[in-house]
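Asker: Here's a structure for you.
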Amino acid sequence: MTLPDRRRKRAWRRGLVLLPIVAAGLAPAAAGAQEAPPANHWSFSGPLGRFDRPSLQRGYAVYAHVCSACHSMRALRYGDLRGLGLTEEQVRLLAEGKPDAPLPAPFPDADAARAANNGALPPDLSRIAATLPGGADAIVAILTGYRSSRPVAPGQYDNPFVPGGRIAMPPPLHAGQVSFTDGTKADPDRMARDVASFLAWSASPHLEQRHRLGVRVLFYGIVLLVLTFMLKRKVWRDVR
Amino acid sequence: MAGPRHDDVSGSDRPPPPGANEQSAAEAPVGPLSYGRFGGPPTSDLPPGAPPLAHWIDARLPVLSYLRREYVEYPTPRNLNHLWNFGAFITVTLVLMILTGLFLALNYEPSVAGAFASVEAIDRQLPSGWLLRSIHMAGATLFFAALYVHIFRSLYYGSYKRPRELLWLTGMLLMFMVMATAFFGYVLPWGQMSFWGASVIVSAVSAVPLLGHALAALLQGGAILGDVAIHRFFVLHFLLGFAIAGVVGLHVLALHVTGSNNPAGIEARGPGDTLPFHPYYTSKDGLGLVVFLLIYAALVFFAPGWLTEADNYLPADPAVTPAEIRPEWYFSPFFAILRAVPSRSGGVLLAGLSVLLLCLMPWLDRSPVRSARYRPVYRPMVIVLAMAFLTLLAAGLHPPNGIWLLLSRIAAGCWFGFFVLLPFVHRIETPRTLPGQLAVADPA
Ligand code: HEM
């Protein structure tokens, strides 16, 4: 089994922890089947990947207007949003002058969060694209994969992309919910992709610097390799 | 080995100090007591051509002549292969770990409330913090990878044998220290795997007969794994990094007493069998190091998540047990032995024994021949030992049932079987004829 396979499998079980399911009154038939999320093309995948800045910024707008009602991103500070390509001015406006302030959390603690969400705990999203098996693809699949917008049981929605096929989060995305300043039409598919990009950024905020520096370091290393190889050959030539 | 001694450049022509008997300072015995102690003129061990300032310094602080003797002239077997690079790889990794670790420590907060957030802040907000952390994390993986190769090299070529027993034992001590350091370090970010991994280890320690409970209490330092434990682990992690550097000093000191073993396993017999360390092995180690650092960089920059558990980005939650608690890959072989045994204390005992037995290698192996090249029985055995290690490594990463449990038991059997059979091997083994000279053993 490859590493991602194992991760995915393990996470089936862990999903029960992330998105707790109230067992009472669950319909047994469909439960348990989890579908694999369809693969998307992402500009940031692969060893030389880059983020799509406009998409990141729209993704942040989706987070701020929709997701942040229930989900925190405790590890982020406003200043980090410079990484989305926002200007100093934009960051200052968002942060109300305090770029070192953390993004506000919707609930003071886990108990309050549970109380407001039928006992389910909306996970923090700072690293969700790293810890959720399937990453950004899984986020898109979950956000757009609801079979019905109505609950199948109190506080339970039918979604084939989570373990057990039931999720406590109501379908969050609706057409036109956010108005993007770049004029992009805010349909749920677009919003899901954008917010998934944003969350992927948040899970590895230095991906681009890492790749860029990495290419230079490897290049330098390869030149050094050729030189040290020649040096070693020269030194050892007379050993017989 | 010491070169001709030279009077200090200041050219003191004092008479011999009172009480000096027949030996004048100029013909003082070569050795550590002759550095002008108690009034003799300071002398330098550097060759005559060295700059006067170097002589002046060396006569007072003989580091230059020491470095020259041990890292320039130092006679080294001419036939060392690239497996002899790995000690240098580990040393360089250790330096990188200490340097990056220092900067991480400056920004880390050892508390339940602050640890996870401080690591996030290092990764996100501290300038280049992500780079420091990535180097430190990939370093742990490469440290162990290089260490395990280093150990198997020593096993294969019989480098643990007389007269290198203490070199071997300082190495084993280093391995234990490195393991402890890695464990303490992994707990520090206080993610889910940190917490639950630490819980597993503390409970394993408590299963050690007699001392177990006391030791576990000492580690945990309270009713639960919490602030006290984090603080202790932080201090120990920090301290051990430097302690390891100190023991590496002893390790290399011991190495330089006997000189390196070599792939033929016979002692170098004279100048024709050795080369000065510089420039021959500085260039060979240098080449190896560049390859090693390229692999290191590839991990740091292009696969920082490979071989680490994504779950450790979830904050520790004592109320939520992860479905599966897996150790980092480098502890996996021992974890597999632990789980291969149905009884908990039996498993802990065997896992501990599996490493402790390695310490006895110099005494369990009674054959006078070192290198596995010339040992038709030992060679397949040590290869099976390496395969058993890799099998256990893979088994430890899978749930302990079905084929993996079976494989881990077979591999554990091979591992222990090796040590049981080893003392008898020399009786049945007819070694192949040893070459007389290294140049014959490995023609260039
Ligand atoms: C922090 C960990 C360690 C460091 C930095 C380290 C460093 C070194 C260095 C620089 C050398 C000389 C170059 C070479 O032969 O590769 C060496 C040799 C050696 N080391 Fe280590 N070592 C470490 C751990 C160990 C361990 C765990 C063992 C085995 C238990 C070990 C056993 C040996 C032996 C037997 C030699 C001599 C090999 C020969 O001459 O054939 N070392 N070590």
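In the structure tokens, chains take letters A, B, ... by order of appearance, with residues numbered from 1 within each chain and ligands from 1 in the order shown.
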Show which residues sit within 10 Å of B:Met361, as a list in words. Count only C-alpha atoms, and ignore same-chain residues fewer than 3 positions away.
Answerer: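 In the requested form, the answer reads Leu155, Gly158, Tyr160, Lys161, Glu165, Trp168, Leu169, Leu356, Leu357, Leu358, Leu364, Asp365, Arg366, Phe419, Leu422 and Pro423 of chain B.
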Asker: Env of A:Gly221: 8 Å cut, atoms = only C-alpha atoms, seq-sep filter 6 positions within chain, self excluded. Answer as a VMD selection string.
Answerer: chain B and resid 290 293 to 294
Asker: Store the residues picked out above in a file with N, CA, C and O atoms, as a PDB file, in the first residue's frame.
Answerer:
```
ATOM      1  N   VAL B 290      28.260  16.143  -0.719  1.00  0.00           N
ATOM      2  CA  VAL B 290      27.449  16.921  -1.654  1.00  0.00           C
ATOM      3  C   VAL B 290      26.243  16.086  -2.103  1.00  0.00           C
ATOM      4  O   VAL B 290      25.115  16.589  -2.155  1.00  0.00           O
ATOM      5  N   LEU B 293      23.845  16.032   0.808  1.00  0.00           N
ATOM      6  CA  LEU B 293      23.150  17.306   0.998  1.00  0.00           C
ATOM      7  C   LEU B 293      22.132  17.559  -0.109  1.00  0.00           C
ATOM      8  O   LEU B 293      21.104  18.211   0.118  1.00  0.00           O
ATOM      9  N   LEU B 294      22.391  17.038  -1.301  1.00  0.00           N
ATOM     10  CA  LEU B 294      21.396  17.173  -2.372  1.00  0.00           C
ATOM     11  C   LEU B 294      20.124  16.409  -2.008  1.00  0.00           C
ATOM     12  O   LEU B 294      19.007  16.905  -2.201  1.00  0.00           O
TER      13      LEU B 294
END
```
Asker: Select all residues from chain A having any atom no more than 7 Å from an atom of chain B (counting only C-alpha atoms, ignoring ligands), output as a list in words.
Answerer: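 So the residues of chain A near chain B are Arg13, Arg14, Pro47, Ala75, Arg127, Ala130, Thr131, Pro205, Arg210, His211, Gly214, Leu218, Gly221, Leu225, Thr228, Phe229, Leu231, Lys232, Val235, Trp236, Val239 and Arg240 of chain A.
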Asker: Kindly work out which residues sit at most 7 Å from ligand 1, using only C-alpha atoms and all ligand atoms, and give the list as a compact mmCIF listing (two decimals) with N, CA, C and O atoms, in the first residue's frame.
Answerer:
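Once written, part.txt looks like this:
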```txt
# COMPACT_ATOMS: atom_id res chain seq x y z
N LEU B 83 30.79 3.80 1.91
CA LEU B 83 30.08 3.55 3.18
C LEU B 83 30.82 4.21 4.34
O LEU B 83 30.23 4.43 5.40
N TRP B 84 32.09 4.52 4.13
CA TRP B 84 32.86 5.20 5.19
C TRP B 84 32.59 6.69 5.20
O TRP B 84 33.14 7.42 5.99
N ASN B 85 31.74 7.17 4.30
CA ASN B 85 31.34 8.59 4.31
C ASN B 85 30.27 8.88 5.38
O ASN B 85 30.04 10.02 5.74
N PHE B 86 29.60 7.80 5.82
CA PHE B 86 28.38 8.07 6.58
C PHE B 86 28.62 8.71 7.94
O PHE B 86 27.79 9.47 8.43
N GLY B 87 29.78 8.42 8.54
CA GLY B 87 30.10 9.10 9.80
C GLY B 87 30.15 10.60 9.59
O GLY B 87 29.63 11.38 10.40
N ALA B 88 30.73 11.01 8.46
CA ALA B 88 30.79 12.44 8.15
C ALA B 88 29.38 12.99 7.91
O ALA B 88 29.06 14.10 8.34
N ILE B 90 26.62 11.98 9.26
CA ILE B 90 25.92 12.14 10.55
C ILE B 90 26.46 13.36 11.28
O ILE B 90 25.70 14.13 11.87
N THR B 91 27.78 13.54 11.23
CA THR B 91 28.37 14.67 11.93
C THR B 91 27.83 15.99 11.38
O THR B 91 27.45 16.88 12.14
N LEU B 94 24.33 16.49 12.44
CA LEU B 94 24.27 16.89 13.85
C LEU B 94 24.50 18.39 14.00
O LEU B 94 23.78 19.08 14.73
N LEU B 147 22.56 6.91 10.24
CA LEU B 147 23.01 6.15 11.41
C LEU B 147 22.85 4.65 11.17
O LEU B 147 23.75 3.86 11.46
N HIS B 150 25.42 3.48 8.78
CA HIS B 150 26.71 3.51 9.50
C HIS B 150 26.87 2.24 10.36
O HIS B 150 27.92 1.61 10.37
N ILE B 151 25.81 1.89 11.05
CA ILE B 151 25.87 0.72 11.92
C ILE B 151 26.00 -0.56 11.10
O ILE B 151 26.83 -1.42 11.40
N SER B 154 29.41 -1.04 9.87
CA SER B 154 30.30 -1.54 10.91
C SER B 154 30.09 -3.03 11.16
O SER B 154 31.03 -3.77 11.42
N TYR B 157 31.56 -5.09 8.00
CA TYR B 157 33.01 -5.17 7.87
C TYR B 157 33.70 -5.47 9.19
O TYR B 157 34.92 -5.38 9.31
N SER B 159 33.79 -3.86 12.03
CA SER B 159 34.49 -2.73 12.65
C SER B 159 34.33 -2.69 14.17
O SER B 159 34.96 -1.88 14.82
N TYR B 160 33.48 -3.54 14.72
CA TYR B 160 33.25 -3.54 16.16
C TYR B 160 34.30 -4.38 16.90
O TYR B 160 34.38 -4.37 18.11
N ARG B 164 38.55 -2.29 18.50
CA ARG B 164 37.63 -1.16 18.38
C ARG B 164 36.39 -1.32 19.26
O ARG B 164 35.34 -0.75 18.96
N LEU B 167 35.14 1.99 20.67
CA LEU B 167 34.60 2.79 19.58
C LEU B 167 33.16 2.35 19.31
O LEU B 167 32.25 3.16 19.19
N TRP B 168 32.98 1.06 19.26
CA TRP B 168 31.65 0.49 19.04
C TRP B 168 30.70 0.88 20.17
O TRP B 168 29.58 1.31 19.93
N LEU B 169 31.17 0.77 21.40
CA LEU B 169 30.28 1.07 22.52
C LEU B 169 29.95 2.56 22.60
O LEU B 169 28.81 2.92 22.92
N GLY B 171 29.61 4.33 20.07
CA GLY B 171 28.61 4.42 19.01
C GLY B 171 27.24 3.99 19.50
O GLY B 171 26.23 4.67 19.27
N MET B 172 27.19 2.89 20.22
CA MET B 172 25.90 2.42 20.73
C MET B 172 25.30 3.45 21.69
O MET B 172 24.11 3.72 21.67
N LEU B 173 26.17 4.00 22.53
CA LEU B 173 25.70 5.04 23.44
C LEU B 173 25.10 6.19 22.63
O LEU B 173 24.03 6.72 22.96
N LEU B 174 25.78 6.55 21.55
CA LEU B 174 25.26 7.62 20.70
C LEU B 174 23.89 7.24 20.15
O LEU B 174 22.98 8.07 20.10
N MET B 175 23.75 5.99 19.74
CA MET B 175 22.46 5.60 19.17
C MET B 175 21.34 5.77 20.21
O MET B 175 20.27 6.30 19.90
N VAL B 178 20.63 9.42 20.59
CA VAL B 178 19.93 9.98 19.44
C VAL B 178 18.46 9.58 19.48
O VAL B 178 17.56 10.39 19.20
N ILE B 244 25.33 14.77 22.80
CA ILE B 244 25.68 13.91 21.67
C ILE B 244 26.95 14.43 21.01
O ILE B 244 27.88 13.67 20.73
N VAL B 248 30.28 12.29 20.47
CA VAL B 248 30.87 12.13 19.14
C VAL B 248 32.38 12.41 19.23
O VAL B 248 33.19 11.71 18.62
N HIS B 251 33.92 9.37 20.49
CA HIS B 251 33.81 8.35 19.45
C HIS B 251 34.96 8.52 18.44
O HIS B 251 35.65 7.57 18.11
N VAL B 252 35.16 9.73 18.02
CA VAL B 252 36.18 9.98 17.01
C VAL B 252 37.58 9.88 17.63
O VAL B 252 38.52 9.40 17.00
N LEU B 255 38.27 6.37 17.59
CA LEU B 255 38.56 5.95 16.22
C LEU B 255 40.00 6.25 15.86
O LEU B 255 40.69 5.44 15.26
N GLY B 259 42.68 3.87 14.31
CA GLY B 259 42.56 4.12 12.87
C GLY B 259 41.35 3.39 12.34
O GLY B 259 40.77 2.52 13.01
N SER B 260 40.94 3.75 11.13
CA SER B 260 39.74 3.15 10.55
C SER B 260 40.00 1.69 10.20
O SER B 260 41.10 1.32 9.78
N ASN B 261 38.95 0.91 10.34
CA ASN B 261 38.92 -0.41 9.73
C ASN B 261 38.75 -0.17 8.22
O ASN B 261 38.74 0.99 7.77
N ASN B 262 38.60 -1.23 7.44
CA ASN B 262 38.44 -1.02 5.99
C ASN B 262 37.72 -2.22 5.41
O ASN B 262 37.52 -3.22 6.09
```
Asker: Please indicate the distance in Å from atom CA of A:Gly145 to atom CA of A:Pro160, rounded to one decimal place.
Answerer: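 It comes out at 6.9 Å.
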Asker: Please list as a VMD selection string every residue within 10 Å of A:Leu94, counting only C-alpha atoms and excluding residues in the same chain fewer than 6 positions away.
Answerer: chain A and resid 78 to 79 81 88 103
Asker: Restricting the calculation to only C-alpha atoms, which member of A:Val178, A:Ile167, A:Ala203, A:Cys70 is positioned closest to A:Ala115?
Answerer: A:Cys70
Asker: Need to verify the contact set: B:Ser206, 7 Å, only C-alpha atoms, exclusion of same-chain residues closer than 3 positions in sequence. Can you return it as a list in words?
Answerer: Val202, Ser203, Gly212, His213, Leu215 and Ala216 of chain B
Asker: Emit the selected residues as a short mmCIF file (atom, residue, chain, number, x, y, z; two decimals), in the first residue's frame, including C-alpha atoms.
Answerer:
```
data_model
loop_
_atom_site.label_atom_id
_atom_site.label_comp_id
_atom_site.auth_asym_id
_atom_site.auth_seq_id
_atom_site.Cartn_x
_atom_site.Cartn_y
_atom_site.Cartn_z
CA VAL B 202 5.60 6.34 28.77
CA SER B 203 3.35 3.34 29.19
CA GLY B 212 9.60 0.91 35.03
CA HIS B 213 7.14 2.79 37.18
CA LEU B 215 11.17 5.90 35.32
CA ALA B 216 7.77 6.58 33.82
#
```
Asker: Can you tell me, as a list of chain:residue names, what residues are no more than 7 Å from stretch 195-202 of chain A when counting only C-alpha atoms, ignoring any on the same chain fewer than 4 positions away?
Answerer: A:Ser55, A:Leu56, A:Gly59, A:Tyr60, A:Val62, A:Tyr63, A:Ser126, A:Arg127, A:Ile128, A:Ala129, A:Ala136, A:Ile139, A:Val140, A:Met191
Asker: What does the structure give for the distance between atom CA of B:Phe277 and atom CA of A:Arg237, in Å to one decimal?
Answerer: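 Between atom CA of B:Phe277 and atom CA of A:Arg237 the gap is 15.5 Å.
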Asker: Using only C-alpha atoms, which residues sit within 10 Å of B:Leu390 once same-chain residues fewer than 6 positions away are excluded, as a list in words?
Answerer: Ser332, Pro333, Val384, Gly396 and Ala411 of chain B
Asker: Stretch 160-262 of chain B: which residues are alpha helix (DSSP H) by DSSP, as JSON, numbers by chain?
Answerer: {"B": [165, 166, 167, 168, 169, 170, 171, 172, 173, 174, 175, 176, 177, 178, 179, 180, 181, 182, 183, 184, 185, 186, 187, 192, 193, 194, 195, 196, 197, 198, 199, 200, 201, 202, 203, 204, 205, 206, 212, 213, 214, 215, 216, 217, 218, 219, 220, 227, 228, 229, 230, 231, 232, 233, 234, 235, 236, 237, 238, 239, 240, 241, 242, 243, 244, 245, 246, 247, 248, 249, 250, 251, 252, 253, 254, 255, 256, 257, 258]}
Asker: When DSSP works through the backbone of this structure, what residues of stretch 9-183 of chain A end up as strand (DSSP E or B), shown as a list of chain:residue names?
Answerer: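 Strand (DSSP E or B) members of stretch 9-183 of chain A, listed: A:Arg77, A:Pro102, A:Ala153, A:Gln156, A:Tyr157, A:Asp158, A:Arg166, A:Ile167.
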Asker: For the selection you just gave me, I'd like the residues written to a file as a PDB file, in the first residue's frame, keeping C-alpha atoms.
Answerer:
```
ATOM      1  CA  ARG A  77      -2.858  36.316  11.587  1.00  0.00           C
ATOM      2  CA  PRO A 102      -5.133  36.539  14.827  1.00  0.00           C
ATOM      3  CA  ALA A 153     -31.840  13.157  10.447  1.00  0.00           C
ATOM      4  CA  GLN A 156     -27.345  15.208   9.728  1.00  0.00           C
ATOM      5  CA  TYR A 157     -26.844  15.699   6.008  1.00  0.00           C
ATOM      6  CA  ASP A 158     -26.309  13.137   3.316  1.00  0.00           C
ATOM      7  CA  ARG A 166     -23.352  11.714   7.047  1.00  0.00           C
ATOM      8  CA  ILE A 167     -22.058  15.116   7.940  1.00  0.00           C
TER       9      ILE A 167
END
```
Asker: Find the residue from A:Asp109, A:Pro123, A:Asp100, A:Glu35 that sits nearest to A:Ser68; use only C-alpha atoms when measuring.
Answerer: A:Pro123
Asker: Excluding A:Gly85 and its own-chain neighbours fewer than 4 positions away, which residues fall within 10 Å of it when counting only C-alpha atoms? Please give them as JSON, numbers by chain.
Answerer: {"A": [52, 53, 54, 56, 57, 80, 81, 90, 91]}
Asker: Could you save the residues just selected, with N, CA and C atoms, as a CSV table (one decimal), in the first residue's frame?
Answerer:
```
chain,number,residue,atom,x,y,z
A,52,ASP,N,-2.6,30.2,-7.4
A,52,ASP,CA,-3.4,31.1,-8.3
A,52,ASP,C,-3.9,32.2,-7.4
A,53,ARG,N,-3.2,33.4,-7.4
A,53,ARG,CA,-3.5,34.5,-6.5
A,53,ARG,C,-5.0,34.9,-6.5
A,54,PRO,N,-5.5,35.2,-7.6
A,54,PRO,CA,-6.9,35.6,-7.6
A,54,PRO,C,-7.8,34.6,-7.0
A,56,LEU,N,-6.9,32.4,-4.6
A,56,LEU,CA,-6.7,32.5,-3.2
A,56,LEU,C,-7.5,33.6,-2.5
A,57,GLN,N,-7.5,34.8,-3.2
A,57,GLN,CA,-8.2,35.9,-2.6
A,57,GLN,C,-9.7,35.7,-2.6
A,80,ASP,N,-0.5,37.5,7.7
A,80,ASP,CA,-0.2,36.3,6.8
A,80,ASP,C,-0.9,36.5,5.5
A,81,LEU,N,-2.0,37.3,5.5
A,81,LEU,CA,-2.8,37.4,4.2
A,81,LEU,C,-2.0,38.1,3.1
A,90,GLN,N,-4.6,46.8,1.8
A,90,GLN,CA,-5.7,45.9,1.9
A,90,GLN,C,-5.6,45.1,3.3
A,91,VAL,N,-4.4,44.7,3.6
A,91,VAL,CA,-4.3,44.0,4.9
A,91,VAL,C,-4.6,44.9,6.0
```
Asker: Tell me, in Å to one decimal, how far atom CA of B:Gly413 is from atom CA of B:Pro400.
Answerer: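 That distance, rounded to one decimal, is 16.1 Å.
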Asker: So which one's closest to B:Ile98, B:Val149, B:Ala223, B:Ala245, B:Ala207? Using only C-alpha atoms, please.
Answerer: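 Ranked by minimum distance to B:Ile98, first place goes to B:Ala245.
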Asker: Measuring between only C-alpha atoms, which one of B:Phe152, B:Ala243, B:Leu96, B:Pro263 shows the shortest distance to B:Ala386?
Answerer: B:Phe152
